[in-house]
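Student: I'd like to ask you about the structure that follows.
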Amino acid sequence: LAKKCCLSKNIKEYIYVSQGKTTVESIDDNQELEFTDDAFNILGFSNEEKWDCYMLTAGVMSCGGVEFKTKGRDDQAECEQIGPETFPGKVATVFGVQAAALIKAFCKPRIKVGTEWVTKGQTCEQAFGAVGGIASRGRQGTQGI
């Protein structure tokens, strides 16, 4: 499951889910995963729907690791590393999109101005906000199930 969802064993790598207490002695994570999987089955989820939930959750977890740097004097955000082992690469993989296209959407989104579509350069703060917005919406999507 962790490999297919592009997750590592170190929960501390995922800032969105590791800011508080990450272990509780009385809770067995493997057993809780089995209970969750059983609940999906009882509710009639198909295997594809279950995997979609797992992948979406993994994507939200990985969004916290996406980092941007300022490019030159323009204050424009850029992401230097988008390979498959980086957080942007993992997010793109589990969301089913290409990493370069995902980062381009965060750093240089296309917006409509009047009747024209233009590319707008984002600052690092704006790009981080966009990643956080996608992660937040993904988390809300899993709660509405």
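By convention in this document, the chains of the structure tokens carry letters A, B, ... by their order, each chain's residues are numbered from 1, and ligands are numbered from 1 in the order they are shown.
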Which neighbours of stretch 69-78 of chain A fall inside 9 Å, counting only C-alpha atoms, when residues of the same chain fewer than 6 positions from it are skipped, and could you give them as a PyMOL selection string?
Tutor: chain A and resi 103-104+106-108+121-127
Student: Please identify all polymer residues within 10 Å of A:Asn41, counting only C-alpha atoms, omitting same-chain residues fewer than 6 positions from it, and present them as JSON, numbers by chain.
Tutor: {"A": [35, 47, 50]}
Student: Only C-alpha atoms, please: the residues just picked out, written as a tab-separated table (two decimals), in the first residue's frame.
Tutor:
```tsv
chain	number	residue	atom	x	y	z
A	35	PHE	CA	-11.01	-1.96	9.79
A	47	ASN	CA	-11.49	-1.68	-5.39
A	50	LYS	CA	-10.90	2.34	-2.30
```
Student: So how far away is atom CA of A:Gly129 from atom CA of A:Tyr16, in Å?
Tutor: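 Interatomic distance here is 13.7 Å.
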Student: Just asking: which residues within stretch 20-140 of chain A are alpha helix (DSSP H) according to DSSP, as number ranges by chain?
Tutor: A: 29-42, 47-63, 87-95, 99-107, 124-140
Student: Between atom CA of A:Lys4 and atom CA of A:Ile27, what distance in Å does the model show, to one decimal?
Tutor: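 Going from atom CA of A:Lys4 over to atom CA of A:Ile27, I get 23.8 Å.
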Student: What lies within 12 Å of A:Glu85 using only C-alpha atoms, ignoring chain neighbours under 6 positions off, as a compact mmCIF listing (two decimals) with N, CA, C and O atoms, in the first residue's frame?
Tutor:
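The resulting file, part-v3.txt, is shown below:
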```txt
# COMPACT_ATOMS: atom_id res chain seq x y z
N LYS A 3 4.00 1.64 -0.90
CA LYS A 3 4.77 1.78 -2.14
C LYS A 3 3.89 2.29 -3.28
O LYS A 3 4.28 3.20 -4.02
N CYS A 6 3.23 5.87 -2.97
CA CYS A 6 4.46 6.69 -2.96
C CYS A 6 4.75 7.28 -1.58
O CYS A 6 5.18 8.43 -1.45
N LEU A 7 4.52 6.50 -0.53
CA LEU A 7 4.76 6.95 0.84
C LEU A 7 5.97 6.25 1.44
O LEU A 7 6.24 5.10 1.12
N SER A 8 6.66 6.95 2.32
CA SER A 8 7.77 6.34 3.04
C SER A 8 7.27 5.88 4.41
O SER A 8 6.15 6.17 4.80
N SER A 62 1.46 14.22 1.01
CA SER A 62 2.69 14.59 0.32
C SER A 62 2.74 16.07 -0.09
O SER A 62 3.82 16.62 -0.28
N GLY A 65 5.16 18.54 1.60
CA GLY A 65 6.58 18.51 1.32
C GLY A 65 6.99 19.25 0.05
O GLY A 65 8.18 19.36 -0.25
N VAL A 66 6.04 19.78 -0.70
CA VAL A 66 6.36 20.50 -1.93
C VAL A 66 6.97 21.85 -1.55
O VAL A 66 6.40 22.60 -0.76
N VAL A 91 3.38 13.64 -5.49
CA VAL A 91 2.03 14.22 -5.55
C VAL A 91 1.44 14.03 -6.95
O VAL A 91 0.30 13.61 -7.09
N ALA A 92 2.24 14.34 -7.96
CA ALA A 92 1.76 14.19 -9.34
C ALA A 92 1.39 12.74 -9.64
O ALA A 92 0.35 12.47 -10.24
N THR A 93 2.22 11.81 -9.19
CA THR A 93 1.96 10.39 -9.45
C THR A 93 0.64 9.95 -8.84
O THR A 93 -0.19 9.34 -9.51
N ALA A 99 4.21 15.68 -13.44
CA ALA A 99 4.80 16.57 -12.45
C ALA A 99 5.07 17.96 -13.02
O ALA A 99 4.78 18.97 -12.36
```
Student: As an exercise, work out the distance from atom CA of A:Ile82 to atom CA of A:Tyr54 in Å and give it to one decimal place.
Tutor: 22.0 Å
Student: Would you mind telling me which residue in A:Gly132, A:Cys5, A:Glu13, A:Glu34 lies nearest to A:Cys53 when using only C-alpha atoms?
Tutor: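 Of A:Gly132, A:Cys5, A:Glu13, A:Glu34, the one nearest A:Cys53 is A:Cys5, counting only C-alpha atoms.
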Student: Would you mind writing down, as a short mmCIF file (atom, residue, chain, number, x, y, z; two decimals) with C-alpha atoms, in the first residue's frame, each residue of chain A that DSSP on the backbone assigns to strand (DSSP E or B)?
Tutor:
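Done, and the output landed in result_24.cif:
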```
data_model
loop_
_atom_site.label_atom_id
_atom_site.label_comp_id
_atom_site.auth_asym_id
_atom_site.auth_seq_id
_atom_site.Cartn_x
_atom_site.Cartn_y
_atom_site.Cartn_z
CA LYS A 69 12.31 28.76 -4.39
CA THR A 70 12.43 32.32 -5.68
CA LYS A 71 13.74 32.64 -9.22
CA GLN A 76 8.66 34.19 -9.19
CA ALA A 77 8.28 30.76 -7.63
CA GLU A 78 9.97 27.77 -9.18
CA ARG A 110 -3.21 30.51 -16.77
CA ILE A 111 -5.86 33.05 -15.90
CA LYS A 112 -8.51 34.73 -18.00
CA VAL A 113 -8.20 38.48 -18.37
CA GLU A 116 -7.70 36.47 -23.28
CA TRP A 117 -5.91 33.71 -21.37
CA VAL A 118 -2.56 34.83 -19.92
CA THR A 119 0.13 33.20 -17.80
#
```
Student: Nearest to A:Ala58 among A:Ser46, A:Ser18, A:Lys120, A:Lys90, with distances taken over only C-alpha atoms: which residue is it?
Tutor: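 Of all the options, A:Lys90 lies closest to A:Ala58.
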Student: Find, counting only C-alpha atoms, the residue in A:Val94, A:Leu102, A:Cys63, A:Leu33 that gets nearest to A:Ser136.
Tutor: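 For A:Ser136, the nearest of the given residues is A:Cys63.
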